[in-house]
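Engineer: final28.pdb is the file, holding PDB, C-alpha atoms, pLDDT in the B column:
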MODEL        1
ATOM      1  CA  MET A1446       3.207  -8.956 -24.855  1.00 72.00           C
ATOM      2  CA  ILE A1447       6.078  -8.522 -22.467  1.00 86.00           C
ATOM      3  CA  VAL A1448       7.814 -11.459 -24.103  1.00 87.00           C
ATOM      4  CA  TYR A1449       8.028  -9.686 -27.454  1.00 90.00           C
ATOM      5  CA  ASP A1450       9.435  -6.534 -25.885  1.00 91.00           C
ATOM      6  CA  TYR A1451      11.951  -8.520 -23.872  1.00 91.00           C
ATOM      7  CA  LEU A1452      13.118 -10.503 -26.875  1.00 91.00           C
ATOM      8  CA  TYR A1453      13.197  -7.464 -29.133  1.00 93.00           C
ATOM      9  CA  TYR A1454      14.912  -5.007 -26.809  1.00 93.00           C
ATOM     10  CA  ILE A1455      17.161  -7.263 -24.716  1.00 93.00           C
ATOM     11  CA  ILE A1456      17.939 -10.550 -26.431  1.00 93.00           C
ATOM     12  CA  LEU A1457      18.406  -9.350 -30.005  1.00 94.00           C
ATOM     13  CA  PRO A1458      20.803  -6.522 -29.010  1.00 95.00           C
ATOM     14  CA  VAL A1459      22.817  -8.955 -26.890  1.00 94.00           C
ATOM     15  CA  LEU A1460      23.143 -11.287 -29.864  1.00 95.00           C
ATOM     16  CA  ALA A1461      24.046  -8.380 -32.134  1.00 95.00           C
ATOM     17  CA  PHE A1462      26.684  -7.196 -29.672  1.00 95.00           C
ATOM     18  CA  SER A1463      28.219 -10.671 -29.514  1.00 95.00           C
ATOM     19  CA  ALA A1464      28.232 -10.756 -33.334  1.00 95.00           C
ATOM     20  CA  LEU A1465      30.144  -7.468 -33.213  1.00 95.00           C
ATOM     21  CA  LEU A1466      32.716  -8.935 -30.812  1.00 94.00           C
ATOM     22  CA  ILE A1467      33.153 -11.981 -33.049  1.00 94.00           C
ATOM     23  CA  PHE A1468      33.562  -9.719 -36.048  1.00 94.00           C
ATOM     24  CA  ILE A1469      36.459  -7.935 -34.335  1.00 93.00           C
ATOM     25  CA  ARG A1470      38.211 -11.290 -33.995  1.00 92.00           C
ATOM     26  CA  PHE A1471      37.304 -12.044 -37.599  1.00 93.00           C
ATOM     27  CA  LEU A1472      39.043  -8.851 -38.727  1.00 93.00           C
ATOM     28  CA  LYS A1473      42.189  -9.112 -36.645  1.00 88.00           C
ATOM     29  CA  GLY A1474      42.644 -12.861 -36.293  1.00 78.00           C
ATOM     30  CA  PRO A1475      46.358 -13.592 -36.672  1.00 85.00           C
ATOM     31  CA  SER A1476      46.029 -16.724 -38.753  1.00 86.00           C
ATOM     32  CA  LEU A1477      43.586 -18.036 -41.321  1.00 88.00           C
ATOM     33  CA  SER A1478      42.295 -20.652 -38.888  1.00 89.00           C
ATOM     34  CA  ASP A1479      41.228 -17.938 -36.444  1.00 91.00           C
ATOM     35  CA  ARG A1480      39.184 -16.362 -39.178  1.00 92.00           C
ATOM     36  CA  VAL A1481      37.566 -19.659 -40.078  1.00 91.00           C
ATOM     37  CA  VAL A1482      36.598 -20.283 -36.440  1.00 92.00           C
ATOM     38  CA  ALA A1483      35.238 -16.739 -36.169  1.00 93.00           C
ATOM     39  CA  LEU A1484      33.212 -17.205 -39.349  1.00 92.00           C
ATOM     40  CA  ASP A1485      31.743 -20.426 -38.022  1.00 92.00           C
ATOM     41  CA  LEU A1486      30.753 -18.735 -34.767  1.00 93.00           C
ATOM     42  CA  LEU A1487      29.337 -15.763 -36.691  1.00 93.00           C
ATOM     43  CA  ILE A1488      27.020 -18.019 -38.684  1.00 93.00           C
ATOM     44  CA  THR A1489      26.023 -19.882 -35.526  1.00 93.00           C
ATOM     45  CA  THR A1490      25.090 -16.565 -33.889  1.00 94.00           C
ATOM     46  CA  GLY A1491      23.120 -15.756 -37.026  1.00 94.00           C
ATOM     47  CA  ILE A1492      21.099 -18.933 -36.521  1.00 93.00           C
ATOM     48  CA  GLY A1493      20.224 -17.728 -33.019  1.00 93.00           C
ATOM     49  CA  MET A1494      19.211 -14.305 -34.314  1.00 94.00           C
ATOM     50  CA  ILE A1495      16.990 -15.881 -36.961  1.00 94.00           C
ATOM     51  CA  ALA A1496      15.343 -18.058 -34.304  1.00 93.00           C
ATOM     52  CA  ILE A1497      14.589 -15.075 -32.047  1.00 94.00           C
ATOM     53  CA  TYR A1498      13.378 -13.087 -35.035  1.00 94.00           C
ATOM     54  CA  SER A1499      10.988 -15.870 -35.998  1.00 94.00           C
ATOM     55  CA  ILE A1500       9.436 -15.594 -32.523  1.00 92.00           C
ATOM     56  CA  VAL A1501       9.172 -11.792 -32.713  1.00 93.00           C
ATOM     57  CA  THR A1502       7.520 -11.783 -36.129  1.00 93.00           C
ATOM     58  CA  ASP A1503       5.558 -14.989 -35.407  1.00 92.00           C
ATOM     59  CA  GLN A1504       6.685 -16.660 -38.599  1.00 91.00           C
ATOM     60  CA  PRO A1505       8.135 -20.157 -38.165  1.00 90.00           C
ATOM     61  CA  THR A1506       9.173 -20.316 -41.814  1.00 92.00           C
ATOM     62  CA  PHE A1507      12.457 -18.653 -40.924  1.00 92.00           C
ATOM     63  CA  LEU A1508      13.579 -21.842 -39.214  1.00 92.00           C
ATOM     64  CA  ASP A1509      14.124 -23.451 -42.609  1.00 92.00           C
ATOM     65  CA  ILE A1510      16.665 -20.768 -43.395  1.00 92.00           C
ATOM     66  CA  ALA A1511      18.340 -21.420 -40.047  1.00 91.00           C
ATOM     67  CA  MET A1512      18.672 -25.084 -40.938  1.00 92.00           C
ATOM     68  CA  ILE A1513      20.196 -24.306 -44.336  1.00 92.00           C
ATOM     69  CA  LEU A1514      22.572 -21.859 -42.670  1.00 91.00           C
ATOM     70  CA  ALA A1515      23.754 -24.535 -40.216  1.00 91.00           C
ATOM     71  CA  LEU A1516      24.437 -26.850 -43.145  1.00 92.00           C
ATOM     72  CA  ILE A1517      26.380 -24.184 -45.021  1.00 91.00           C
ATOM     73  CA  ALA A1518      28.444 -23.323 -41.935  1.00 91.00           C
ATOM     74  CA  PHE A1519      29.505 -26.936 -41.520  1.00 92.00           C
ATOM     75  CA  LEU A1520      30.345 -27.289 -45.200  1.00 93.00           C
ATOM     76  CA  GLY A1521      32.378 -24.085 -45.112  1.00 91.00           C
ATOM     77  CA  THR A1522      34.361 -25.211 -42.079  1.00 92.00           C
ATOM     78  CA  VAL A1523      35.120 -28.594 -43.613  1.00 93.00           C
ATOM     79  CA  ALA A1524      36.180 -27.053 -46.909  1.00 93.00           C
ATOM     80  CA  PHE A1525      38.431 -24.506 -45.209  1.00 91.00           C
ATOM     81  CA  ALA A1526      40.023 -27.207 -43.052  1.00 91.00           C
ATOM     82  CA  TYR A1527      40.698 -29.311 -46.126  1.00 90.00           C
ATOM     83  CA  TYR A1528      42.338 -26.463 -47.985  1.00 90.00           C
ATOM     84  CA  ILE A1529      44.354 -25.245 -44.989  1.00 88.00           C
ATOM     85  CA  GLU A1530      45.778 -28.722 -44.697  1.00 84.00           C
ATOM     86  CA  LYS A1531      46.324 -28.966 -48.424  1.00 84.00           C
ATOM     87  CA  ARG A1532      48.101 -25.631 -48.696  1.00 81.00           C
ATOM     88  CA  LYS A1533      50.963 -26.830 -46.503  1.00 61.00           C
ATOM     89  CA  ARG A1534      52.032 -29.736 -48.672  1.00 58.00           C
ATOM     90  CA  LYS A1535      53.618 -27.833 -51.497  1.00 53.00           C
TER      91      LYS A1535
ATOM     92  CA  MET B  87       3.736 -19.804 -17.532  1.00 84.00           C
ATOM     93  CA  THR B  88       4.994 -20.371 -21.054  1.00 87.00           C
ATOM     94  CA  ASP B  89       6.210 -16.775 -21.124  1.00 90.00           C
ATOM     95  CA  TYR B  90       8.524 -17.316 -18.179  1.00 91.00           C
ATOM     96  CA  ILE B  91       9.957 -20.486 -19.697  1.00 92.00           C
ATOM     97  CA  ILE B  92      10.626 -18.598 -22.941  1.00 93.00           C
ATOM     98  CA  ILE B  93      12.271 -15.702 -21.102  1.00 93.00           C
ATOM     99  CA  PHE B  94      14.395 -18.080 -19.043  1.00 93.00           C
ATOM    100  CA  LEU B  95      15.597 -20.089 -22.030  1.00 93.00           C
ATOM    101  CA  ALA B  96      16.249 -17.032 -24.207  1.00 93.00           C
ATOM    102  CA  THR B  97      18.193 -15.288 -21.433  1.00 94.00           C
ATOM    103  CA  PHE B  98      20.481 -18.230 -20.823  1.00 94.00           C
ATOM    104  CA  GLY B  99      20.935 -18.860 -24.531  1.00 94.00           C
ATOM    105  CA  ALA B 100      21.921 -15.266 -25.236  1.00 94.00           C
ATOM    106  CA  ALA B 101      24.213 -15.261 -22.189  1.00 95.00           C
ATOM    107  CA  PHE B 102      26.066 -18.340 -23.428  1.00 95.00           C
ATOM    108  CA  VAL B 103      26.413 -16.899 -26.926  1.00 94.00           C
ATOM    109  CA  LEU B 104      27.762 -13.672 -25.423  1.00 94.00           C
ATOM    110  CA  LEU B 105      30.232 -15.695 -23.325  1.00 94.00           C
ATOM    111  CA  ALA B 106      31.408 -17.507 -26.437  1.00 93.00           C
ATOM    112  CA  ALA B 107      31.893 -14.168 -28.209  1.00 94.00           C
ATOM    113  CA  VAL B 108      33.899 -12.733 -25.312  1.00 94.00           C
ATOM    114  CA  GLY B 109      35.875 -15.968 -25.204  1.00 93.00           C
ATOM    115  CA  ILE B 110      36.819 -15.881 -28.872  1.00 92.00           C
ATOM    116  CA  LEU B 111      37.952 -12.294 -28.454  1.00 92.00           C
ATOM    117  CA  ARG B 112      39.935 -12.745 -25.236  1.00 91.00           C
ATOM    118  CA  MET B 113      41.492 -16.203 -25.462  1.00 89.00           C
ATOM    119  CA  PRO B 114      45.200 -16.166 -26.249  1.00 90.00           C
ATOM    120  CA  ASP B 115      45.424 -19.160 -28.520  1.00 89.00           C
ATOM    121  CA  LEU B 116      43.673 -20.696 -31.499  1.00 90.00           C
ATOM    122  CA  TYR B 117      43.021 -24.011 -29.753  1.00 90.00           C
ATOM    123  CA  LEU B 118      41.542 -22.345 -26.676  1.00 90.00           C
ATOM    124  CA  ARG B 119      39.365 -20.266 -28.981  1.00 91.00           C
ATOM    125  CA  ILE B 120      38.099 -23.379 -30.723  1.00 92.00           C
ATOM    126  CA  SER B 121      37.316 -24.979 -27.371  1.00 91.00           C
ATOM    127  CA  VAL B 122      35.374 -21.974 -26.043  1.00 91.00           C
ATOM    128  CA  THR B 123      33.524 -21.416 -29.290  1.00 90.00           C
ATOM    129  CA  THR B 124      32.306 -24.954 -29.777  1.00 91.00           C
ATOM    130  CA  LYS B 125      30.942 -25.506 -26.290  1.00 92.00           C
ATOM    131  CA  GLY B 126      29.511 -22.082 -25.559  1.00 92.00           C
ATOM    132  CA  ALA B 127      27.869 -21.397 -28.889  1.00 91.00           C
ATOM    133  CA  THR B 128      26.405 -24.871 -29.230  1.00 92.00           C
ATOM    134  CA  LEU B 129      24.760 -24.712 -25.805  1.00 94.00           C
ATOM    135  CA  GLY B 130      23.536 -21.160 -26.365  1.00 94.00           C
ATOM    136  CA  ILE B 131      22.003 -21.797 -29.759  1.00 94.00           C
ATOM    137  CA  GLY B 132      20.496 -25.036 -28.476  1.00 94.00           C
ATOM    138  CA  LEU B 133      18.734 -23.152 -25.660  1.00 95.00           C
ATOM    139  CA  ILE B 134      17.478 -20.468 -28.062  1.00 95.00           C
ATOM    140  CA  LEU B 135      16.081 -23.053 -30.461  1.00 94.00           C
ATOM    141  CA  LEU B 136      14.457 -24.844 -27.531  1.00 94.00           C
ATOM    142  CA  CYS B 137      12.825 -21.523 -26.697  1.00 93.00           C
ATOM    143  CA  VAL B 138      11.439 -21.371 -30.246  1.00 93.00           C
ATOM    144  CA  ALA B 139      10.069 -24.897 -29.855  1.00 93.00           C
ATOM    145  CA  VAL B 140       8.364 -23.939 -26.583  1.00 93.00           C
ATOM    146  CA  TYR B 141       6.908 -20.758 -28.065  1.00 93.00           C
ATOM    147  CA  PHE B 142       5.242 -22.260 -31.134  1.00 91.00           C
ATOM    148  CA  GLY B 143       4.306 -25.539 -29.515  1.00 89.00           C
ATOM    149  CA  GLU B 144       3.296 -27.324 -32.699  1.00 90.00           C
ATOM    150  CA  ALA B 145       4.604 -30.713 -33.652  1.00 93.00           C
ATOM    151  CA  SER B 146       6.067 -29.726 -37.017  1.00 92.00           C
ATOM    152  CA  ILE B 147       7.940 -26.701 -35.690  1.00 93.00           C
ATOM    153  CA  THR B 148       9.200 -28.561 -32.632  1.00 93.00           C
ATOM    154  CA  THR B 149      10.524 -31.264 -34.938  1.00 93.00           C
ATOM    155  CA  ARG B 150      12.257 -28.644 -37.036  1.00 92.00           C
ATOM    156  CA  ALA B 151      13.892 -26.960 -34.065  1.00 92.00           C
ATOM    157  CA  LEU B 152      15.002 -30.294 -32.625  1.00 93.00           C
ATOM    158  CA  ALA B 153      16.427 -31.244 -36.026  1.00 93.00           C
ATOM    159  CA  ILE B 154      18.517 -28.054 -36.069  1.00 93.00           C
ATOM    160  CA  ILE B 155      19.718 -28.733 -32.500  1.00 93.00           C
ATOM    161  CA  PHE B 156      20.613 -32.307 -33.416  1.00 93.00           C
ATOM    162  CA  PHE B 157      22.446 -31.149 -36.507  1.00 92.00           C
ATOM    163  CA  LEU B 158      24.410 -28.547 -34.548  1.00 92.00           C
ATOM    164  CA  LEU B 159      25.328 -31.068 -31.849  1.00 92.00           C
ATOM    165  CA  LEU B 160      26.469 -33.442 -34.561  1.00 92.00           C
ATOM    166  CA  THR B 161      28.518 -31.061 -36.668  1.00 92.00           C
ATOM    167  CA  ALA B 162      30.078 -28.667 -34.149  1.00 92.00           C
ATOM    168  CA  PRO B 163      32.595 -31.165 -32.651  1.00 92.00           C
ATOM    169  CA  VAL B 164      33.426 -32.563 -36.085  1.00 93.00           C
ATOM    170  CA  GLY B 165      34.117 -29.122 -37.519  1.00 92.00           C
ATOM    171  CA  ALA B 166      36.154 -28.083 -34.478  1.00 92.00           C
ATOM    172  CA  HIS B 167      38.237 -31.228 -34.655  1.00 93.00           C
ATOM    173  CA  LEU B 168      38.856 -30.798 -38.380  1.00 92.00           C
ATOM    174  CA  ILE B 169      39.941 -27.180 -38.120  1.00 91.00           C
ATOM    175  CA  GLY B 170      42.108 -27.856 -35.050  1.00 90.00           C
ATOM    176  CA  ARG B 171      43.803 -30.795 -36.747  1.00 88.00           C
ATOM    177  CA  ALA B 172      44.447 -28.839 -39.934  1.00 89.00           C
ATOM    178  CA  SER B 173      45.880 -25.874 -38.073  1.00 88.00           C
ATOM    179  CA  TYR B 174      48.127 -28.139 -35.995  1.00 86.00           C
ATOM    180  CA  PHE B 175      49.537 -29.498 -39.245  1.00 84.00           C
ATOM    181  CA  VAL B 176      50.398 -26.016 -40.494  1.00 84.00           C
ATOM    182  CA  ASN B 177      52.285 -25.218 -37.262  1.00 79.00           C
ATOM    183  CA  THR B 178      49.932 -22.763 -35.664  1.00 78.00           C
ATOM    184  CA  PRO B 179      51.737 -21.815 -32.450  1.00 80.00           C
ATOM    185  CA  LEU B 180      50.429 -22.788 -29.042  1.00 82.00           C
ATOM    186  CA  TRP B 181      50.074 -20.317 -26.208  1.00 83.00           C
ATOM    187  CA  LYS B 182      53.391 -19.782 -24.445  1.00 83.00           C
ATOM    188  CA  ASN B 183      51.928 -20.873 -21.107  1.00 82.00           C
ATOM    189  CA  SER B 184      50.454 -24.094 -22.447  1.00 80.00           C
ATOM    190  CA  VAL B 185      51.356 -26.954 -20.138  1.00 82.00           C
ATOM    191  CA  MET B 186      51.425 -29.973 -22.358  1.00 81.00           C
ATOM    192  CA  ASP B 187      51.388 -30.869 -26.019  1.00 79.00           C
ATOM    193  CA  ASP B 188      50.715 -34.555 -26.470  1.00 78.00           C
ATOM    194  CA  LEU B 189      51.307 -34.549 -30.207  1.00 76.00           C
ATOM    195  CA  LYS B 190      54.739 -32.970 -29.886  1.00 77.00           C
ATOM    196  CA  GLY B 191      57.189 -34.776 -32.160  1.00 74.00           C
ATOM    197  CA  LYS B 192      54.579 -37.064 -33.617  1.00 73.00           C
ATOM    198  CA  TYR B 193      54.033 -34.671 -36.473  1.00 68.00           C
ATOM    199  CA  SER B 194      56.753 -32.568 -37.989  1.00 61.00           C
ATOM    200  CA  ARG B 195      56.628 -29.145 -36.403  1.00 50.00           C
ATOM    201  CA  SER B 196      59.165 -26.744 -37.778  1.00 51.00           C
ATOM    202  CA  THR B 197      59.864 -25.298 -34.322  1.00 46.00           C
ATOM    203  CA  GLU B 198      61.280 -28.578 -33.136  1.00 43.00           C
ATOM    204  CA  GLY B 199      64.375 -28.865 -35.219  1.00 41.00           C
ATOM    205  CA  SER B 200      66.405 -32.026 -35.313  1.00 38.00           C
ATOM    206  CA  SER B 201      64.333 -34.297 -33.120  1.00 41.00           C
ATOM    207  CA  SER B 202      61.669 -34.586 -35.736  1.00 41.00           C
ATOM    208  CA  GLU B 203      64.106 -35.149 -38.537  1.00 40.00           C
ATOM    209  CA  GLU B 204      63.784 -38.884 -38.817  1.00 40.00           C
ATOM    210  CA  SER B 205      60.089 -38.699 -38.171  1.00 42.00           C
ATOM    211  CA  ASP B 206      59.766 -36.187 -40.963  1.00 43.00           C
ATOM    212  CA  GLY B 207      60.018 -38.973 -43.461  1.00 42.00           C
ATOM    213  CA  GLU B 208      57.121 -41.052 -42.309  1.00 42.00           C
ATOM    214  CA  ILE B 209      54.684 -38.999 -40.449  1.00 47.00           C
ATOM    215  CA  THR B 210      52.999 -35.941 -41.698  1.00 47.00           C
ATOM    216  CA  LYS B 211      51.252 -37.482 -44.604  1.00 47.00           C
ATOM    217  CA  PRO B 212      52.266 -40.987 -45.591  1.00 46.00           C
ATOM    218  CA  GLU B 213      50.515 -40.843 -48.911  1.00 46.00           C
ATOM    219  CA  SER B 214      52.051 -37.515 -49.857  1.00 46.00           C
ATOM    220  CA  ASP B 215      55.534 -38.875 -49.160  1.00 47.00           C
ATOM    221  CA  GLU B 216      54.851 -41.827 -51.357  1.00 45.00           C
ATOM    222  CA  ASP B 217      53.777 -39.464 -54.056  1.00 47.00           C
ATOM    223  CA  GLU B 218      57.038 -37.575 -53.746  1.00 47.00           C
ATOM    224  CA  HIS B 219      59.094 -40.762 -53.964  1.00 48.00           C
ATOM    225  CA  GLN B 220      57.265 -41.857 -57.024  1.00 47.00           C
ATOM    226  CA  ILE B 221      57.857 -38.513 -58.624  1.00 48.00           C
ATOM    227  CA  LYS B 222      61.576 -38.706 -57.824  1.00 47.00           C
ATOM    228  CA  LYS B 223      61.908 -42.196 -59.250  1.00 44.00           C
TER     229      LYS B 223
ENDMDL
END
Can I see the file as structure tokens?

Structural biologist:
Amino acid sequence: MIVYDYLYYIILPVLAFSALLIFIRFLKGPSLSDRVVALDLLITTGIGMIAIYSIVTDQPTFLDIAMILALIAFLGTVAFAYYIEKRKRK
Amino acid sequence: MTDYIIIFLATFGAAFVLLAAVGILRMPDLYLRISVTTKGATLGIGLILLCVAVYFGEASITTRALAIIFFLLLTAPVGAHLIGRASYFVNTPLWKNSVMDDLKGKYSRSTEGSSSEESDGEITKPESDEDEHQIKK
């Protein structure tokens, strides 16, 4: 039982606080690339939160969503990199 | 016993994710931010997913968690390299205290001025230059 309390009251707030710090960088990042990196890290932190949440609620189905989210984060980063590079040419 | 392993793994995972978050907020430069983010977050999320695998302890869920870890380990360096390369092409400035820049002059950076003039023609994107020549002809 102590595991659930520890995960719910310590680990999840730490992850939420780090998501808040990343979101500050996402808002004030000087260039577009900073924002893309911050978005990638935000989604990665979301995967961690989903994993901890699946332990707390005892439902392993959430891991499928984490996998899809990892895929979408990679696709988003690749697409943003492609268009950042493309935008310079003209 | 399993409880202590879970607590250990979750603590270190959350600590590494928090370090990555502090790093992306405090680092002075885009490239340093990419470096911190990729390593810290990948290790942290890997430890947290390992903790999920230990907690459930079934073959199907362990396979799923290991698949996510494998996917993250595979895609994080590729994504970081792509975004770093693209932002070097669009002249994102380095930190003023950066010691060395190995690609200096190999790609046309607008801060460099005349030294990259002759390299301007051939480097940045060979295929795009060819396109321009064809359009001019």

Engineer: Would you pick out the contacts of segment 1475-1490 of chain A at 9 Å or less, using all atoms listed in the file, so that residues sharing its chain but fewer than 3 positions from it are not included, and give the list as a ChimeraX atom specification?

Structural biologist: /A:1460-1461,1463-1464,1467-1468,1470-1472,1493-1495,1514-1515,1517-1519,1521-1522,1525-1526,1529 /B:103,106-107,110,116,119-120,123-124,127-128,130-131,158,166,169-170,172-173,178

Engineer: Step by step, work through what the PyMOL selection byres ((chain A and resi 1451) around 12) selects in the shown file, and finish by giving those residues as a list in words.

Structural biologist: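 Going through the file, the PyMOL selection byres ((chain A and resi 1451) around 12) ends up selecting Met1446, Ile1447, Val1448, Tyr1449, Asp1450, Leu1452, Tyr1453, Tyr1454, Ile1455, Ile1456, Leu1457, Pro1458, Val1459, Ile1497, Ile1500 and Val1501 of chain A; Asp89, Tyr90, Ile92, Ile93, Phe94, Ala96 and Thr97 of chain B.
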
Engineer: Those same residues - C-alpha atoms - I'd like them written as a short mmCIF file (atom, residue, chain, number, x, y, z; two decimals), keeping the file's coordinate frame.

Structural biologist:
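Result went into selection.cif, see below:
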data_model
loop_
_atom_site.label_atom_id
_atom_site.label_comp_id
_atom_site.auth_asym_id
_atom_site.auth_seq_id
_atom_site.Cartn_x
_atom_site.Cartn_y
_atom_site.Cartn_z
CA MET A 1446 3.21 -8.96 -24.86
CA ILE A 1447 6.08 -8.52 -22.47
CA VAL A 1448 7.81 -11.46 -24.10
CA TYR A 1449 8.03 -9.69 -27.45
CA ASP A 1450 9.44 -6.53 -25.88
CA LEU A 1452 13.12 -10.50 -26.88
CA TYR A 1453 13.20 -7.46 -29.13
CA TYR A 1454 14.91 -5.01 -26.81
CA ILE A 1455 17.16 -7.26 -24.72
CA ILE A 1456 17.94 -10.55 -26.43
CA LEU A 1457 18.41 -9.35 -30.00
CA PRO A 1458 20.80 -6.52 -29.01
CA VAL A 1459 22.82 -8.96 -26.89
CA ILE A 1497 14.59 -15.08 -32.05
CA ILE A 1500 9.44 -15.59 -32.52
CA VAL A 1501 9.17 -11.79 -32.71
CA ASP B 89 6.21 -16.77 -21.12
CA TYR B 90 8.52 -17.32 -18.18
CA ILE B 92 10.63 -18.60 -22.94
CA ILE B 93 12.27 -15.70 -21.10
CA PHE B 94 14.40 -18.08 -19.04
CA ALA B 96 16.25 -17.03 -24.21
CA THR B 97 18.19 -15.29 -21.43
#

Engineer: Suppose you want the space between atom CA of Thr148 of chain B and atom CA of Ile91 of chain B; what is it in Å?

Structural biologist: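 Answer for the atom CA of Thr148 of chain B to atom CA of Ile91 of chain B separation: 15.3 Å.
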
Engineer: Carefully work through the PyMOL selection byres ((chain B and resi 152) around 12) for this structure and note down the residues it includes, as a PDB file with C-alpha atoms, in the frame of the given file.

Structural biologist:
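Result saved to selection.pdb:
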ATOM      1  CA  LEU A1508      13.579 -21.842 -39.214  1.00 92.00           C
ATOM      2  CA  MET A1512      18.672 -25.084 -40.938  1.00 92.00           C
TER       3      MET A1512
ATOM      4  CA  ILE B 131      22.003 -21.797 -29.759  1.00 94.00           C
ATOM      5  CA  GLY B 132      20.496 -25.036 -28.476  1.00 94.00           C
ATOM      6  CA  LEU B 133      18.734 -23.152 -25.660  1.00 95.00           C
ATOM      7  CA  ILE B 134      17.478 -20.468 -28.062  1.00 95.00           C
ATOM      8  CA  LEU B 135      16.081 -23.053 -30.461  1.00 94.00           C
ATOM      9  CA  LEU B 136      14.457 -24.844 -27.531  1.00 94.00           C
ATOM     10  CA  CYS B 137      12.825 -21.523 -26.697  1.00 93.00           C
ATOM     11  CA  VAL B 138      11.439 -21.371 -30.246  1.00 93.00           C
ATOM     12  CA  ALA B 139      10.069 -24.897 -29.855  1.00 93.00           C
ATOM     13  CA  VAL B 140       8.364 -23.939 -26.583  1.00 93.00           C
ATOM     14  CA  ALA B 145       4.604 -30.713 -33.652  1.00 93.00           C
ATOM     15  CA  SER B 146       6.067 -29.726 -37.017  1.00 92.00           C
ATOM     16  CA  ILE B 147       7.940 -26.701 -35.690  1.00 93.00           C
ATOM     17  CA  THR B 148       9.200 -28.561 -32.632  1.00 93.00           C
ATOM     18  CA  THR B 149      10.524 -31.264 -34.938  1.00 93.00           C
ATOM     19  CA  ARG B 150      12.257 -28.644 -37.036  1.00 92.00           C
ATOM     20  CA  ALA B 151      13.892 -26.960 -34.065  1.00 92.00           C
ATOM     21  CA  ALA B 153      16.427 -31.244 -36.026  1.00 93.00           C
ATOM     22  CA  ILE B 154      18.517 -28.054 -36.069  1.00 93.00           C
ATOM     23  CA  ILE B 155      19.718 -28.733 -32.500  1.00 93.00           C
ATOM     24  CA  PHE B 156      20.613 -32.307 -33.416  1.00 93.00           C
ATOM     25  CA  PHE B 157      22.446 -31.149 -36.507  1.00 92.00           C
ATOM     26  CA  LEU B 158      24.410 -28.547 -34.548  1.00 92.00           C
ATOM     27  CA  LEU B 159      25.328 -31.068 -31.849  1.00 92.00           C
TER      28      LEU B 159
END

Engineer: Closest to Leu129 of chain B among B:Tyr141, B:Phe175, B:Tyr117, B:Phe98, using only C-alpha atoms?

Structural biologist: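 For Leu129 of chain B, the nearest of the candidates is B:Phe98.
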
Engineer: Quick one: distance from atom CA of Val164 of chain B to atom CA of Phe1462 of chain A in Å, one decimal?

Structural biologist: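 Rounded to one decimal, the two atoms are 27.0 Å apart.
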
Engineer: Quote the spacing between atom CA of Thr88 of chain B and atom CA of Ala101 of chain B in Å to one decimal place.

Structural biologist: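 One can read the atom CA of Thr88 of chain B to atom CA of Ala101 of chain B distance as 19.9 Å.
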
Engineer: Reconstruct segment 1473-1484 of chain A at the level of N, CA and C atoms, and format the result as a PDB file, keeping the file's coordinate frame.

Structural biologist:
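File written: rebuild21.pdb
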ATOM      1  N   LYS A1473      40.797  -9.188 -37.062  1.00 88.00           N
ATOM      2  CA  LYS A1473      42.189  -9.112 -36.645  1.00 88.00           C
ATOM      3  C   LYS A1473      42.831 -10.450 -36.348  1.00 88.00           C
ATOM      4  N   GLY A1474      42.091 -11.557 -36.610  1.00 78.00           N
ATOM      5  CA  GLY A1474      42.644 -12.861 -36.293  1.00 78.00           C
ATOM      6  C   GLY A1474      44.006 -13.082 -36.910  1.00 78.00           C
ATOM      7  N   PRO A1475      44.987 -13.530 -36.133  1.00 85.00           N
ATOM      8  CA  PRO A1475      46.358 -13.592 -36.672  1.00 85.00           C
ATOM      9  C   PRO A1475      46.514 -14.600 -37.801  1.00 85.00           C
ATOM     10  N   SER A1476      45.847 -15.717 -37.710  1.00 86.00           N
ATOM     11  CA  SER A1476      46.029 -16.724 -38.753  1.00 86.00           C
ATOM     12  C   SER A1476      44.708 -16.955 -39.482  1.00 86.00           C
ATOM     13  N   LEU A1477      44.794 -17.738 -40.558  1.00 88.00           N
ATOM     14  CA  LEU A1477      43.586 -18.036 -41.321  1.00 88.00           C
ATOM     15  C   LEU A1477      42.620 -18.883 -40.515  1.00 88.00           C
ATOM     16  N   SER A1478      43.166 -19.772 -39.669  1.00 89.00           N
ATOM     17  CA  SER A1478      42.295 -20.652 -38.888  1.00 89.00           C
ATOM     18  C   SER A1478      41.437 -19.868 -37.910  1.00 89.00           C
ATOM     19  N   ASP A1479      42.017 -18.786 -37.338  1.00 91.00           N
ATOM     20  CA  ASP A1479      41.228 -17.938 -36.444  1.00 91.00           C
ATOM     21  C   ASP A1479      40.034 -17.353 -37.180  1.00 91.00           C
ATOM     22  N   ARG A1480      40.272 -16.953 -38.407  1.00 92.00           N
ATOM     23  CA  ARG A1480      39.184 -16.362 -39.178  1.00 92.00           C
ATOM     24  C   ARG A1480      38.115 -17.392 -39.512  1.00 92.00           C
ATOM     25  N   VAL A1481      38.554 -18.622 -39.770  1.00 91.00           N
ATOM     26  CA  VAL A1481      37.566 -19.659 -40.078  1.00 91.00           C
ATOM     27  C   VAL A1481      36.708 -19.958 -38.848  1.00 91.00           C
ATOM     28  N   VAL A1482      37.351 -20.029 -37.669  1.00 92.00           N
ATOM     29  CA  VAL A1482      36.598 -20.283 -36.440  1.00 92.00           C
ATOM     30  C   VAL A1482      35.633 -19.138 -36.169  1.00 92.00           C
ATOM     31  N   ALA A1483      36.105 -17.898 -36.400  1.00 93.00           N
ATOM     32  CA  ALA A1483      35.238 -16.739 -36.169  1.00 93.00           C
ATOM     33  C   ALA A1483      34.065 -16.736 -37.136  1.00 93.00           C
ATOM     34  N   LEU A1484      34.305 -17.150 -38.374  1.00 92.00           N
ATOM     35  CA  LEU A1484      33.212 -17.205 -39.349  1.00 92.00           C
ATOM     36  C   LEU A1484      32.174 -18.239 -38.950  1.00 92.00           C
TER      37      LEU A1484
END
